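A.B. asks: Below you'll find data-v9.txt; it's compact mmCIF, C-alpha atoms.
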```txt
# COMPACT_ATOMS: atom_id res chain seq x y z
CA MET A 184 2.24 47.21 -18.90
CA LYS A 185 1.83 45.53 -22.28
CA ARG A 186 5.61 45.43 -22.64
CA VAL A 187 5.96 43.74 -19.22
CA ASN A 188 3.37 41.13 -20.15
CA TYR A 189 5.11 40.54 -23.46
CA LEU A 190 8.49 40.06 -21.79
CA LEU A 191 6.93 37.72 -19.23
CA PHE A 192 5.42 35.67 -22.05
CA ILE A 193 8.80 35.42 -23.78
CA LEU A 194 10.48 34.35 -20.53
CA VAL A 195 7.94 31.60 -19.88
CA ALA A 196 8.28 30.39 -23.47
CA MET A 197 12.06 30.24 -23.15
CA VAL A 198 11.85 28.26 -19.91
CA ALA A 199 9.39 25.83 -21.47
CA ALA A 200 11.62 25.43 -24.51
CA CYS A 201 14.58 24.53 -22.31
CA ARG A 202 12.81 21.54 -20.83
CA LYS A 203 13.65 18.36 -22.71
CA PRO A 204 12.82 14.76 -21.87
CA TYR A 205 15.67 13.07 -20.04
CA ASN A 206 16.45 9.50 -20.94
CA PRO A 207 18.89 8.13 -18.38
CA PRO A 208 21.69 5.90 -19.68
CA PRO A 209 21.02 2.18 -19.24
CA VAL A 210 22.52 0.45 -16.24
CA SER A 211 25.75 -1.20 -17.33
CA ASP A 212 25.25 -4.29 -15.16
CA THR A 213 23.22 -6.84 -17.10
CA ASN A 214 21.09 -7.64 -14.06
CA GLY A 215 20.92 -4.08 -12.73
CA TYR A 216 22.22 -2.80 -9.43
CA LEU A 217 21.43 -4.63 -6.22
CA VAL A 218 18.71 -3.04 -4.08
CA VAL A 219 18.24 -4.05 -0.44
CA GLU A 220 15.24 -2.89 1.60
CA GLY A 221 14.34 -3.59 5.21
CA THR A 222 15.44 -3.42 8.83
CA ILE A 223 16.96 -6.05 11.10
CA ASN A 224 14.44 -6.15 13.93
CA SER A 225 16.30 -6.70 17.17
CA GLY A 226 13.18 -7.42 19.21
CA ALA A 227 10.35 -9.94 19.15
CA ASP A 228 8.91 -8.82 15.80
CA SER A 229 9.89 -10.56 12.58
CA THR A 230 12.61 -9.30 10.27
CA PHE A 231 11.79 -8.80 6.58
CA ILE A 232 14.44 -8.02 3.96
CA LYS A 233 13.60 -7.50 0.29
CA VAL A 234 16.37 -7.99 -2.28
CA SER A 235 16.01 -7.05 -5.94
CA HIS A 236 17.81 -5.55 -8.92
CA THR A 237 17.09 -2.23 -10.58
CA VAL A 238 15.44 -2.20 -14.01
CA ASN A 239 15.94 0.28 -16.82
CA VAL A 240 13.29 2.97 -17.22
CA ALA A 241 12.38 1.80 -20.73
CA SER A 242 12.08 -1.84 -19.70
CA LYS A 243 8.68 -3.53 -19.72
CA VAL A 244 9.78 -5.46 -16.63
CA THR A 245 8.93 -3.59 -13.43
CA LEU A 246 10.07 -6.17 -10.86
CA ASN A 247 13.43 -7.93 -10.79
CA PRO A 248 13.62 -9.91 -7.52
CA VAL A 249 16.74 -11.71 -6.36
CA LEU A 250 15.89 -15.38 -5.90
CA ASN A 251 17.70 -18.25 -4.20
CA ALA A 252 19.99 -15.99 -2.20
CA VAL A 253 21.29 -16.83 1.27
CA LEU A 254 20.71 -14.08 3.83
CA THR A 255 22.18 -14.16 7.33
CA VAL A 256 22.21 -11.75 10.25
CA GLU A 257 25.66 -11.91 11.85
CA GLY A 258 26.79 -10.66 15.25
CA ASP A 259 30.28 -9.43 16.02
CA GLN A 260 30.48 -12.26 18.58
CA ASN A 261 30.19 -14.91 15.80
CA THR A 262 26.44 -15.46 16.22
CA THR A 263 24.41 -16.11 13.05
CA TYR A 264 20.69 -16.03 12.29
CA PRO A 265 19.55 -17.33 8.87
CA LEU A 266 16.62 -15.81 6.99
CA THR A 267 14.14 -17.92 5.04
CA GLU A 268 13.20 -17.15 1.44
CA LYS A 269 9.50 -16.31 1.13
CA GLY A 270 9.35 -15.66 -2.62
CA ASN A 271 9.49 -12.62 -4.92
CA GLY A 272 12.77 -11.49 -3.38
CA MET A 273 11.46 -11.41 0.20
CA TYR A 274 13.43 -13.03 3.03
CA ALA A 275 12.31 -13.25 6.66
CA CYS A 276 12.94 -14.70 10.09
CA ALA A 277 11.02 -14.73 13.37
CA GLY A 278 11.86 -12.53 16.34
CA LEU A 279 15.65 -12.40 16.87
CA ASN A 280 15.71 -10.84 20.36
CA LEU A 281 19.27 -9.63 19.83
CA ASN A 282 21.66 -8.60 22.58
CA ASN A 283 21.90 -4.80 22.84
CA ALA A 284 25.56 -5.05 23.86
CA TYR A 285 26.65 -6.44 20.47
CA LYS A 286 26.76 -5.15 16.90
CA TYR A 287 25.16 -6.86 13.93
CA ARG A 288 25.25 -6.84 10.15
CA LEU A 289 23.45 -8.39 7.18
CA ASN A 290 25.27 -10.84 4.89
CA ILE A 291 23.87 -11.60 1.43
CA LYS A 292 25.16 -14.30 -0.90
CA THR A 293 23.44 -14.54 -4.27
CA ALA A 294 23.00 -17.62 -6.44
CA GLU A 295 25.81 -16.22 -8.63
CA ASN A 296 28.17 -16.37 -5.61
CA LYS A 297 28.25 -12.60 -5.25
CA GLN A 298 28.53 -11.49 -1.64
CA TYR A 299 27.31 -8.27 -0.06
CA VAL A 300 27.52 -7.13 3.56
CA THR A 301 26.44 -4.14 5.58
CA ASP A 302 28.59 -2.43 8.15
CA TYR A 303 28.40 -3.78 11.68
CA MET A 304 25.84 -1.63 13.47
CA ALA A 305 24.92 -0.96 17.08
CA ILE A 306 21.28 -1.58 17.96
CA LEU A 307 19.18 1.58 17.92
CA ASN A 308 15.69 0.98 19.31
CA ALA A 309 12.78 3.24 18.50
CA PRO A 310 11.13 5.00 21.44
CA PRO A 311 7.41 4.40 21.99
CA ILE A 312 4.94 6.35 19.89
CA ASP A 313 3.15 8.86 22.09
CA SER A 314 -0.01 8.93 19.98
CA VAL A 315 -1.51 8.69 16.52
CA ASN A 316 -4.45 11.02 15.95
CA TYR A 317 -6.43 12.67 13.19
CA ASP A 318 -8.42 15.73 12.26
CA THR A 319 -11.00 16.43 9.56
CA LYS A 320 -9.42 19.55 8.06
CA GLY A 321 -8.34 17.82 4.86
CA THR A 322 -6.17 19.72 2.41
CA VAL A 323 -6.45 23.15 0.80
CA PHE A 324 -8.38 21.71 -2.13
CA THR A 325 -10.11 18.63 -0.69
CA PRO A 326 -11.90 18.03 2.63
CA GLY A 327 -10.97 14.82 4.39
CA VAL A 328 -9.05 13.13 7.19
CA ASN A 329 -5.44 13.92 8.09
CA VAL A 330 -3.51 11.39 10.21
CA TYR A 331 -0.59 12.45 12.43
CA VAL A 332 1.99 10.83 14.71
CA ASN A 333 3.50 12.23 17.91
CA THR A 334 6.63 10.97 19.66
CA HIS A 335 9.66 11.90 21.73
CA ASP A 336 12.74 10.21 23.16
CA ALA A 337 13.28 10.83 26.86
CA THR A 338 16.83 9.41 26.63
CA ASN A 339 17.81 11.81 23.81
CA LYS A 340 19.45 8.93 21.94
CA VAL A 341 17.11 9.22 18.96
CA VAL A 342 16.54 12.42 16.98
CA TYR A 343 15.92 10.92 13.52
CA TYR A 344 12.77 8.95 12.75
CA ARG A 345 11.13 7.03 9.94
CA TRP A 346 7.56 5.78 9.79
CA ASP A 347 5.52 3.49 7.63
CA TYR A 348 1.94 2.36 7.96
CA GLN A 349 -0.58 -0.27 6.94
CA GLU A 350 -4.15 0.84 6.51
CA THR A 351 -7.22 -1.40 6.41
CA TRP A 352 -10.80 -0.39 5.76
CA LEU A 353 -14.22 -1.99 5.57
CA PHE A 354 -16.11 -1.35 2.35
CA HIS A 355 -19.21 -2.66 0.63
CA ALA A 356 -20.30 -3.68 -2.84
CA ASN A 357 -22.84 -1.43 -4.53
CA PHE A 358 -25.56 -4.04 -4.09
CA GLU A 359 -26.13 -6.74 -1.49
CA SER A 360 -26.78 -10.06 -3.20
CA LEU A 361 -29.37 -12.17 -1.36
CA PHE A 362 -29.24 -14.99 -3.91
CA LYS A 363 -26.68 -17.07 -5.78
CA SER A 364 -26.60 -19.61 -8.58
CA ASN A 365 -25.35 -23.14 -8.07
CA GLY A 366 -25.24 -23.79 -11.81
CA ASP A 367 -28.69 -25.34 -11.81
CA THR A 368 -30.98 -22.91 -10.05
CA VAL A 369 -31.06 -19.70 -8.06
CA LEU A 370 -30.87 -20.27 -4.31
CA GLY A 371 -30.94 -18.13 -1.22
CA ARG A 372 -27.45 -16.98 -0.23
CA ASP A 373 -25.88 -17.93 3.11
CA MET A 374 -25.30 -14.38 4.30
CA LEU A 375 -22.99 -15.48 7.11
CA ASN A 376 -20.63 -17.85 5.30
CA ASP A 377 -21.01 -16.62 1.72
CA ASN A 378 -21.03 -12.87 2.22
CA ILE A 379 -19.87 -10.89 -0.80
CA TYR A 380 -21.26 -7.53 0.30
CA SER A 381 -18.83 -6.54 3.10
CA CYS A 382 -15.06 -6.81 2.61
CA TRP A 383 -11.78 -5.49 3.97
CA GLN A 384 -9.00 -4.03 1.87
CA THR A 385 -5.43 -3.36 3.00
CA ASP A 386 -2.77 -1.06 1.61
CA THR A 387 0.69 0.02 2.74
CA SER A 388 2.41 3.39 2.69
CA SER A 389 4.27 4.22 -0.50
CA SER A 390 5.92 7.50 0.52
CA ILE A 391 9.10 7.86 2.57
CA LEU A 392 7.99 9.40 5.88
CA LEU A 393 10.78 11.07 7.84
CA GLY A 394 11.08 13.38 10.82
CA SER A 395 13.85 14.94 12.87
CA SER A 396 14.11 16.84 16.12
CA ALA A 397 17.86 17.47 15.68
CA LYS A 398 17.39 21.21 15.13
CA LEU A 399 14.59 21.68 17.66
CA SER A 400 14.95 22.97 21.20
CA LYS A 401 13.14 19.88 22.51
CA ASN A 402 13.40 16.29 21.32
CA VAL A 403 9.71 16.15 20.41
CA ILE A 404 7.94 15.31 17.17
CA PHE A 405 4.47 16.89 17.22
CA GLN A 406 1.68 16.32 14.71
CA GLN A 407 3.93 14.84 12.04
CA PRO A 408 1.70 14.29 8.95
CA LEU A 409 1.43 10.68 7.77
CA THR A 410 -1.42 10.50 5.28
CA SER A 411 -4.56 12.26 4.07
CA ILE A 412 -7.82 10.61 3.04
CA ALA A 413 -10.30 12.44 0.81
CA SER A 414 -13.81 12.78 2.20
CA THR A 415 -15.17 11.02 -0.89
CA SER A 416 -12.92 7.95 -0.47
CA GLU A 417 -14.48 4.59 0.34
CA LYS A 418 -11.80 4.28 3.04
CA VAL A 419 -14.03 6.40 5.29
CA GLU A 420 -17.30 4.87 4.10
CA ASP A 421 -17.64 2.68 7.20
CA GLU A 422 -14.67 1.70 9.39
CA TYR A 423 -10.98 2.47 8.92
CA SER A 424 -7.87 1.41 10.81
CA ILE A 425 -4.22 2.39 10.48
CA LEU A 426 -1.20 0.67 12.03
CA VAL A 427 1.75 3.05 12.30
CA LYS A 428 5.29 1.74 12.83
CA GLN A 429 8.16 3.91 14.00
CA TYR A 430 11.87 3.32 13.39
CA ALA A 431 14.91 5.06 14.86
CA LEU A 432 17.55 6.22 12.38
CA THR A 433 21.18 7.19 12.61
CA ALA A 434 22.26 10.44 10.98
CA ASP A 435 23.69 8.50 8.01
CA ALA A 436 20.48 6.53 7.57
CA TYR A 437 18.41 9.71 7.77
CA ASN A 438 20.56 11.34 5.07
CA PHE A 439 20.19 8.26 2.87
CA TYR A 440 16.39 8.26 3.13
CA THR A 441 16.26 12.02 2.64
CA ASN A 442 18.19 11.73 -0.62
CA LEU A 443 16.11 8.73 -1.66
CA LYS A 444 12.95 10.75 -1.08
CA LYS A 445 14.32 13.63 -3.17
CA ASN A 446 15.31 11.26 -5.98
CA THR A 447 12.01 9.37 -6.09
CA GLU A 448 9.29 11.74 -4.89
CA GLN A 449 10.49 15.29 -5.45
CA LEU A 450 11.61 15.36 -9.08
CA GLY A 451 9.86 16.60 -12.17
CA SER A 452 9.80 20.39 -12.06
CA ILE A 453 12.51 22.96 -12.67
CA PHE A 454 12.37 23.94 -9.00
CA ASP A 455 13.03 20.47 -7.59
CA ALA A 456 16.40 19.29 -6.36
CA GLN A 457 18.72 17.59 -8.82
CA PRO A 458 19.19 13.81 -8.46
CA SER A 459 21.97 12.93 -6.03
CA GLN A 460 24.04 9.83 -5.41
CA LEU A 461 22.66 7.41 -2.84
CA ILE A 462 25.31 6.31 -0.38
CA GLY A 463 24.10 3.40 1.74
CA ASN A 464 25.76 0.98 4.11
CA ILE A 465 25.77 -2.12 1.89
CA HIS A 466 28.95 -3.08 0.05
CA SER A 467 30.03 -5.69 -2.47
CA VAL A 468 32.72 -8.01 -1.13
CA ASN A 469 33.72 -9.18 -4.62
CA ASN A 470 33.82 -5.73 -6.21
CA PRO A 471 34.04 -2.78 -3.78
CA SER A 472 33.38 -0.29 -6.60
CA GLU A 473 30.04 -1.90 -7.50
CA PRO A 474 27.11 0.40 -6.67
CA VAL A 475 24.63 -1.08 -4.18
CA ILE A 476 21.43 0.72 -3.21
CA GLY A 477 19.98 0.45 0.27
CA TYR A 478 20.43 1.16 3.94
CA VAL A 479 19.69 -1.60 6.43
CA GLY A 480 19.48 -0.60 10.08
CA VAL A 481 19.15 -2.72 13.20
CA GLY A 482 16.78 -2.05 16.07
CA SER A 483 13.28 -2.64 17.35
CA SER A 484 10.30 -0.67 16.11
CA SER A 485 7.33 0.69 18.03
CA SER A 486 3.77 0.75 16.77
CA VAL A 487 0.29 2.10 17.46
CA ARG A 488 -3.03 1.21 15.81
CA ILE A 489 -6.07 3.47 15.79
CA TYR A 490 -9.58 3.09 14.41
CA ILE A 491 -11.78 5.72 12.79
CA HIS A 492 -15.51 5.08 12.46
CA ASN A 493 -17.64 6.87 9.92
CA GLN A 494 -19.92 8.09 12.71
CA GLN A 495 -16.97 10.06 14.14
CA LEU A 496 -16.64 12.06 10.92
CA PRO A 497 -18.72 14.80 9.28
CA ALA A 498 -21.64 13.70 7.14
CA TRP A 499 -19.53 13.32 4.02
CA LYS A 500 -20.83 11.64 0.90
CA THR A 501 -18.40 8.98 -0.29
CA ILE A 502 -18.12 7.99 -3.93
CA PRO A 503 -18.30 4.24 -4.69
CA TYR A 504 -15.41 2.60 -6.50
CA TYR A 505 -17.70 1.74 -9.43
CA THR A 506 -19.86 4.75 -10.21
CA ASP A 507 -22.09 3.23 -12.92
CA CYS A 508 -23.72 0.54 -10.76
CA GLN A 509 -27.39 1.44 -10.93
CA LEU A 510 -30.18 -1.08 -11.21
CA ALA A 511 -31.70 -0.35 -14.61
CA PHE A 512 -35.23 -1.31 -15.56
CA ASN A 513 -34.27 -2.56 -19.01
CA GLN A 514 -34.88 -5.72 -20.95
CA PRO A 515 -32.06 -8.29 -20.46
CA ASN A 516 -30.67 -7.86 -23.95
CA ASP A 517 -30.79 -4.06 -24.02
CA PRO A 518 -27.32 -2.96 -25.24
CA ASN A 519 -27.81 0.46 -23.63
CA THR A 520 -27.66 -1.00 -20.14
CA LYS A 521 -24.14 -0.35 -18.86
CA CYS A 522 -24.06 -2.29 -15.65
CA CYS A 523 -27.07 -3.87 -14.19
CA TYR A 524 -30.21 -5.65 -15.32
CA TYR A 525 -33.78 -5.95 -14.17
CA VAL A 526 -34.31 -9.61 -15.10
CA TRP A 527 -37.95 -10.44 -15.76
CA PRO A 528 -38.31 -12.76 -18.75
CA PRO A 529 -41.70 -14.38 -19.40
CA GLY A 530 -42.42 -17.93 -18.34
CA PRO A 531 -42.34 -20.01 -15.17
CA PRO A 532 -39.54 -19.65 -12.55
CA ASN A 533 -37.39 -22.41 -14.05
CA GLN A 534 -36.94 -20.29 -17.17
CA VAL A 535 -35.93 -17.37 -15.00
CA ASN A 536 -33.37 -19.57 -13.26
CA ALA A 537 -32.05 -20.86 -16.57
CA TYR A 538 -31.58 -17.32 -17.82
CA ILE A 539 -29.65 -16.26 -14.71
CA ASN A 540 -27.55 -19.43 -14.68
CA TYR A 541 -26.69 -19.08 -18.33
CA LEU A 542 -25.24 -15.65 -17.69
CA VAL A 543 -23.49 -16.72 -14.52
CA GLY A 544 -21.83 -19.68 -16.14
CA GLY A 545 -21.16 -18.61 -19.70
CA ASP A 546 -20.69 -14.87 -19.87
CA PRO A 547 -17.22 -13.32 -19.45
CA ASN A 548 -18.83 -10.69 -17.20
CA PRO A 549 -21.62 -12.71 -15.56
CA LEU A 550 -24.60 -11.47 -13.63
CA ILE A 551 -25.17 -12.09 -9.93
CA PRO A 552 -28.79 -12.26 -8.73
CA ILE A 553 -29.52 -9.52 -6.20
CA ASP A 554 -33.13 -9.81 -5.04
CA ALA A 555 -36.29 -11.69 -5.97
CA ILE A 556 -39.25 -10.17 -7.76
CA ALA A 557 -42.29 -11.82 -6.27
CA VAL A 558 -45.74 -11.22 -4.86
CA PRO A 559 -45.85 -12.25 -1.18
CA GLY A 560 -46.84 -15.89 -0.92
CA HIS A 561 -45.97 -16.68 -4.53
CA PRO A 562 -42.79 -17.97 -6.24
CA PRO A 563 -40.45 -15.41 -7.77
CA ILE A 564 -41.22 -14.33 -11.29
CA GLY A 565 -37.82 -12.74 -11.77
CA TYR A 566 -34.68 -11.40 -10.13
CA THR A 567 -32.83 -8.16 -10.15
CA ALA A 568 -29.20 -8.77 -11.06
CA ALA A 569 -25.91 -6.95 -11.42
CA PHE A 570 -22.53 -7.46 -12.97
CA ARG A 571 -20.05 -9.04 -10.60
CA GLN A 572 -17.99 -5.91 -9.96
CA CYS A 573 -21.13 -4.24 -8.65
CA ALA A 574 -22.17 -7.05 -6.31
CA ASP A 575 -19.04 -9.01 -5.32
CA CYS A 576 -16.66 -7.16 -3.02
CA THR A 577 -14.18 -10.06 -3.04
CA LEU A 578 -12.95 -8.82 -6.43
CA ARG A 579 -11.11 -6.06 -4.53
CA GLY A 580 -10.77 -7.36 -0.99
CA THR A 581 -11.36 -10.22 1.42
CA ASN A 582 -14.57 -11.13 3.21
CA LYS A 583 -12.58 -12.63 6.09
CA LYS A 584 -12.52 -10.22 9.01
CA PRO A 585 -8.91 -9.43 10.07
CA ALA A 586 -7.93 -10.87 13.43
CA PHE A 587 -7.13 -7.41 14.79
CA TRP A 588 -10.43 -5.85 13.72
CA LYS A 589 -12.04 -4.07 16.64
CA TYR A 590 -15.66 -3.78 15.57
```
Give the structure from this file in structure tokens form.

C.D. replies:
Amino acid sequence: MKRVNYLLFILVAMVAACRKPYNPPPVSDTNGYLVVEGTINSGADSTFIKVSHTVNVASKVTLNPVLNAVLTVEGDQNTTYPLTEKGNGMYACAGLNLNNAYKYRLNIKTAENKQYVTDYMAILNAPPIDSVNYDTKGTVFTPGVNVYVNTHDATNKVVYYRWDYQETWLFHANFESLFKSNGDTVLGRDMLNDNIYSCWQTDTSSSILLGSSAKLSKNVIFQQPLTSIASTSEKVEDEYSILVKQYALTADAYNFYTNLKKNTEQLGSIFDAQPSQLIGNIHSVNNPSEPVIGYVGVGSSSSVRIYIHNQQLPAWKTIPYYTDCQLAFNQPNDPNTKCCYYVWPPGPPNQVNAYINYLVGGDPNPLIPIDAIAVPGHPPIGYTAAFRQCADCTLRGTNKKPAFWKY
């Protein structure tokens, strides 16, 4: 037994010794390879195309958008639809409402007069989403919410799918500020128009979400996992909403996204697949041998939005974003106070106001008054206060309720 353990130890050591950091060779093109992301939406929804260049792994630059390019959707019947530059490499146009009988492609002309085109493609519309639902099983290690999508195509035209989502949630600051400083004194806060306690934050999916019914007996996608939310996350603190969009893919597009997922999300261990070449449908007109990364499809998407309220979930205890926000009963200048202060300096109220306003106006991490310290019927003799990150939710979100918000 000891000999087996010894041999196992040697084997593990040898495997570990064989692993060396890999530094990929720099991209030969001075600007990097062209990367095109997006889908030509054939329906009433807007089309968004993002164009950028790759950057080297060792580069301090993480974004390299293509600016001042001319993007056009072209039909095989000589119809054209220009896209408008929105900034940071994003180009868009309103609903195209394309004719399903024709084929379409994307044409890109950069400021350097380089031209790139996709193949002409037939429109492939996504079938409706049957449902988006959730359970509270969580993962093996963490309880929480799992979100799923269900769909099928009654026409059997679509067997490859891609999804993305946008999630929005209502969250709160650690403390609700009832007062504010106007630079001269401490005043009562307008809780309707100057709310900094309740905010909404939005995030988008970062993983490549794919599904296929090609090898199934029925063209049905059932309980396809989309995302998981830990029970301690502030996303489930109050109200949560997720908008799921579904796209139909051709077999070539599905293979492209599958390889892209392997290259970007499933690398790092000795058991993962080796990086593979990404073959898209975008080509350089000037230099056919130039590598171009991306696969642009054409078709309409389908979508479903659901809401999850905290009352529909188990009695989980969420963890606030800032965990050290506790009102401390310390003197204002106590260096041991990490976050929050119990402000009660001696003197009449104007000195209290001056102290608060000094911190609000002149400190790099100012205090926000939370509540008044006063005997009923008498002026305040002090205020509790907190650092801004503990009392102002607008540092991480918006206090403007989204137009789609249900509650």

A.B. asks: With a distance cut-off of 9 Å and all atoms listed in the file, select the neighbouring residues of Gln572 (chain A), excluding the residue or stretch itself and same-chain residues fewer than 5 positions from it, and output the selection as a PyMOL selection string.

C.D. replies: chain A and resi 356-357+505+508+548+577-579

A.B. asks: Can you work out which one of A:Ile306, A:Met374, A:Ile232, A:Cys576 has the shortest atom-to-atom distance to Leu289 (chain A), counting only C-alpha atoms?

C.D. replies: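 Ranking A:Ile306, A:Met374, A:Ile232, A:Cys576 by distance to Leu289 (chain A), first place goes to A:Ile232.
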
A.B. asks: Of the candidates A:Ser424, A:Asn282, A:Ser225, A:Asn290, which one gets nearest to Leu254 (chain A) if we count all atoms listed in the file?

C.D. replies: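 For Leu254 (chain A), the nearest of the candidates is A:Asn290.
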
A.B. asks: When you look at Val479 (chain A) with a cut-off of 8 Å (counting all atoms listed in the file), what residues show up, excluding the ones that are within fewer than 3 positions of it in the same chain? I need them as a ChimeraX atom specification.

C.D. replies: /A:219-223,289,301,464-465

A.B. asks: My list of candidates is A:Cys382, A:Tyr430, A:Lys401, A:Asn582. Which is closest to Trp352 (chain A) when distances are computed with only C-alpha atoms?

C.D. replies: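 Closest to Trp352 (chain A), using only C-alpha atoms: A:Cys382.
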
A.B. asks: Go through A:Lys363, A:Arg345, A:Lys500, A:Lys589 and flag the residue nearest Gln429 (chain A), using only C-alpha atoms for the distances.

C.D. replies: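 Smallest separation from Gln429 (chain A) among the options: A:Arg345.
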
A.B. asks: State, in Å with one decimal place, the distance from CA of Thr230 (chain A) to CA of Cys276 (chain A).

C.D. replies: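 According to the coordinates, CA of Thr230 (chain A) and CA of Cys276 (chain A) are separated by 5.4 Å.
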
A.B. asks: How many Å separate CA of Asp228 (chain A) from CA of Tyr317 (chain A)?

C.D. replies: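 Atom-to-atom, CA of Asp228 (chain A) and CA of Tyr317 (chain A) are spaced 26.5 Å apart.
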
A.B. asks: Got a sec: who's within 7 Å of Gln298 (chain A), counting all atoms listed in the file, leaving out chain neighbours fewer than 3 positions off, as a ChimeraX atom specification?

C.D. replies: /A:291-293,467-469

A.B. asks: Report the distance between CA of Gln494 (chain A) and CA of Thr325 (chain A) in Å, rounded to one decimal place.

C.D. replies: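 So the two atoms, CA of Gln494 (chain A) and CA of Thr325 (chain A), lie 19.7 Å apart.
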
A.B. asks: Mind listing as a PyMOL selection string all residues within 7 Å of (16.8, -13.4, 4.6), counting only C-alpha atoms?

C.D. replies: chain A and resi 232+253-255+265-268+274-276

A.B. asks: Looking at A:Ile404, A:Leu409, A:Ala431, A:Leu353, which one is nearest to Trp383 (chain A), with distances taken over only C-alpha atoms?

C.D. replies: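 Of all the options, A:Leu353 lies closest to Trp383 (chain A).
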
A.B. asks: Please identify all polymer residues within 12 Å of region 260-262 of chain A, counting all atoms listed in the file, omitting same-chain residues fewer than 3 positions from it, and present them as a ChimeraX atom specification.

C.D. replies: /A:255-257,265,279,281-282,284-289,303

A.B. asks: I want to know what sits within 10 Å of Trp499 (chain A), based on all atoms listed in the file, with residues of the same chain fewer than 4 positions away left out; could you give that as a PDB file with C-alpha atoms, in the frame of the given file?

C.D. replies:
```pdb
ATOM      1  CA  PRO A 326     -11.900  18.030   2.630  1.00  0.00           C
ATOM      2  CA  GLY A 327     -10.970  14.820   4.390  1.00  0.00           C
ATOM      3  CA  ALA A 413     -10.300  12.440   0.810  1.00  0.00           C
ATOM      4  CA  SER A 414     -13.810  12.780   2.200  1.00  0.00           C
ATOM      5  CA  THR A 415     -15.170  11.020  -0.890  1.00  0.00           C
ATOM      6  CA  SER A 416     -12.920   7.950  -0.470  1.00  0.00           C
ATOM      7  CA  VAL A 419     -14.030   6.400   5.290  1.00  0.00           C
ATOM      8  CA  GLU A 420     -17.300   4.870   4.100  1.00  0.00           C
ATOM      9  CA  ASN A 493     -17.640   6.870   9.920  1.00  0.00           C
TER      10      ASN A 493
END
```

A.B. asks: So, with all atoms listed in the file as the atoms that count, which of A:Ser381, A:Thr567, A:Thr387, A:Thr410 lies closest to Leu550 (chain A)?

C.D. replies: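 Of all the options, A:Thr567 lies closest to Leu550 (chain A).
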
A.B. asks: Give as a PyMOL selection string each residue that has an atom at most 12 Å from (-5.4, -9.4, 14.5) in the file, counting all atoms listed in the file.

C.D. replies: chain A and resi 351+424+426+488+583-590

A.B. asks: Quick one: axis-aligned box around all listed atoms of region 377-393 of chain A, 6 Å on every side, centre and edge lengths in Å to one decimal, written as JSON.

C.D. replies:
```
{"center_x": -5.2, "center_y": -2.8, "center_z": 3.5, "size_x": 44.0, "size_y": 39.7, "size_z": 20.6}
```
